[in-house]
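Student: I have a structure I would like to understand better, so I am pasting it below and will then ask my questions one at a time.
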Number of protein chains: 2
Amino acid sequence: MTNVTKIEPAKVSNKYAQKKVAALEAAAAVFAAKGFHGATTDDIASEMGIKQGSLYYYFKSKEQALQQVCEYGFDHYVARMEKICAKSQPFEAKLLAIITSHLVSYRQKNNALKVHNDQRLYLPKEQRGALKELGSRYRRLLEATLREGIEQGAVRAEIDTHFIAYSIIGICNSWGATLVRDDEIDLFETIEQCAELILRGTLTGNKNHE
Amino acid sequence: MTNVTKIEPAKVSNKYAQKKVAALEAAAAVFAAKGFHGATTDDIASEMGIKQGSLYYYFKSKEQALQQVCEYGFDHYVARMEKICAKSQPFEAKLLAIITSHLVSYRQKNNALKVHNDQRLYLPKEQRGALKELGSRYRRLLEATLREGIEQGAVRAEIDTHFIAYSIIGICNSWGATLVRDDEIDLFETIEQCAELILRGTLTGNKNHE
DNA sequence: ATAAATTTCTATAAAGCTATAGAATTTATC
DNA sequence: GATAAATTCTATAGCTTTATAGAAATTTAT
């Protein structure tokens with residue numbers, strides 16, 4: 001099956017693949033800093049050291065670039081989540097790993113993830129299908145972790161796992177955005193405090209009590 | 001003191017003031033929907049039923065429109081926070097009022113507030129001074145409320161009030177954005193669940209326990 | 001009714017942006 | 001080293017957008 005796509009002639013070379021990643025990261029950096037509409041294709045091209053017109057060797061359009069950046073960042077992130085959830089661990093450890101993964105991503109200036117969070121809604125709905133799929137997968141994993149916690153007896157049975165999952169994501173995104181902007185903030189302290197806030201709100205019997 | 005500004009000739013008429021508000025709200029709606037860079041001055045003008053060029057009777061520039069929309073939305077919001085905090089109430093009631101105020105704002109499609117949250121960073125720093133001031137004021141009020149809670153014995157003394165204040169804002173913004181997008185979600189249930197998540201994470205002795 | 005002030009409109013200059021085509025250059029292959 | 005393939009460049013067509021100027025229309029005041 002020497003499958004050569006109709007749309008993209010060769011573009012299977014080693015170099016192409018590498019530079020495509022560079023293109024994605026340049027686009028991610030620029031979109032993260034200026035927003036999708038605020039960024040120009042020239043900004044992105046400059047960021048990767050080529051001319052504006054050459055960028056179209058890597059992206060069919062600016063919009064396609066946004067789409068691919070979002071998928072690139074989010075896919076990676078969901079994959080990591082899957083590894084964490086696959087392990088058999090007590091609830092608290094898992095939650096800590098999830099928060100850590102989320103916030104470390106941001107501190108490492110994972111621009112693509114930031115772009116996914118802030119800019120994906122500027123994509124037309126039809127082009128958000130894959131992202132929505134990934135997003136649900138992530139939330140389902142988080143909800144499953146919460147249900148595991150309930151089964152383990154660590155988490156109160158009455159909680160609304162959907163609501164809590166969403167809230168966890170919200171807190172992490174909010175702190176994540178702050179961490180990116182302010183280098184002074186201590187990453188690991190933030191992680192611990194997030195965990196403490198969430199845990200003491202979800203743990204049966206309120207462990208860790210002074 | 002018949003103070004006539006140099007920059008704005010007359011523009012003190014009744015009608016002007018009214019239409020200026022309409023202009024702010026049109027701009028807010030458009031910026032909220034399309035983002036600052038994604039929106040055009042023609043979008044805003046159309047929204048208020050005038051022609052593109054006429055918009056400049058109300059705003060000096062598109063950027064000034066963004067600035068004024070942000071201040072308009074946020075100022076209103078901080079003012080309401082001040083009223084809530086002025087009352088002498090038990091901690092839990094106050095927190096509930098704060099969350100309610102925040103989320104109700106969103107559900108009422110308070111576009112200006114959404115624009116403040118999502119788009120203010122596209123303003124040059126020099127034009128963000130007033131907003132930063134309002135933001136700190138809001139956070140200080142929230143932190144003071146938490147300290148009150150500690151004094152009342154309702155809140156654990158070891159919490160980091162700054163961190164918790166920030167997290168509350170983060171959760172509310174996150175749910176607020178969701179509430180705007182999805183009319184199906186029950187507003188008051190969301191308020192209660194937010195409060196429950198935060199309270200059980202901050203209350204001494206873990207009240208409300210099943 | 002007339003004059004003055006306010007508000008809106010039309011038209012346009014100036015600039016910026018996306019996307020494409022085809023030439024030029026670099027890299028890989030035989 | 002010659003040929004083919006891959007990559008980048010230049011130049012530009014075709015739009016869109018912001019902001020301004022001055023005319024026109026509307027409203028308010030005399």
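Just so we're on the same page: first chain in the structure tokens is A, next is B, and so on; residues restart at 1 for each chain, and ligands are numbered from 1 in the order they show up.
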How close is chain B to chain A in C-alpha RMSD after a least-squares fit, all Cα atoms in order?

Tutor: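 Here the C-alpha RMSD works out to 0.1 Å.
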
Student: Just want the 12 Å neighbourhood of DG14 of chain D, counted on only C-alpha atoms (C1' of nucleotides), with same-chain residues fewer than 2 positions away dropped. Output as a count of residues only.

Tutor: 6

Student: Contacts between chain C and chain A, please, where a residue of chain A counts if it comes within 12 Å (with only C-alpha atoms (C1' of nucleotides)); show its shortest atom pair and distance in Å to one decimal, rows by chain and ascending number, as a Markdown table.

Tutor:
```
| residue | atom | partner | partner_atom | distance |
| --- | --- | --- | --- | --- |
| A:Ser13 | CA | C:DA28 | C1' | 10.4 |
| A:Asn14 | CA | C:DA28 | C1' | 11.6 |
| A:Lys15 | CA | C:DT27 | C1' | 10.2 |
| A:Tyr16 | CA | C:DT27 | C1' | 12.0 |
| A:His37 | CA | C:DC17 | C1' | 10.7 |
| A:Gly38 | CA | C:DC17 | C1' | 11.0 |
| A:Ala39 | CA | C:DC17 | C1' | 10.3 |
| A:Thr40 | CA | C:DC17 | C1' | 7.4 |
| A:Thr41 | CA | C:DT18 | C1' | 8.0 |
| A:Asp42 | CA | C:DC17 | C1' | 9.1 |
| A:Asp43 | CA | C:DC17 | C1' | 11.4 |
| A:Gln52 | CA | C:DT18 | C1' | 9.9 |
| A:Gly53 | CA | C:DA19 | C1' | 8.2 |
| A:Ser54 | CA | C:DA19 | C1' | 10.9 |
| A:Leu55 | CA | C:DA19 | C1' | 10.5 |
| A:Tyr56 | CA | C:DA19 | C1' | 8.2 |
| A:Tyr57 | CA | C:DA19 | C1' | 11.4 |
| A:Phe59 | CA | C:DA19 | C1' | 11.0 |
| A:Lys60 | CA | C:DA19 | C1' | 9.0 |
| A:Ser61 | CA | C:DA19 | C1' | 7.8 |
| A:Lys62 | CA | C:DT18 | C1' | 8.2 |
| A:Glu63 | CA | C:DT18 | C1' | 10.7 |
```

Student: May I ask which of the residues A:Phe36, A:Gln67, A:Lys94, A:Lys51 is the closest one to chain D, counting only C-alpha atoms (C1' of nucleotides)?

Tutor: A:Lys51

Student: Can you list every residue in chain A that DSSP puts in helix (DSSP H, G or I), as a PyMOL selection string?

Tutor: chain A and resi 14-34+41-47+52-57+62-86+91-107+111-122+125-151+161-181+187-202

Student: Restricting the calculation to only C-alpha atoms: of B:Glu47, B:Glu126, B:Asp75, B:Asp118, which residue gets closest to Ser174 of chain A?

Tutor: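 Of the candidates, the smallest distance to Ser174 of chain A is held by B:Asp118.
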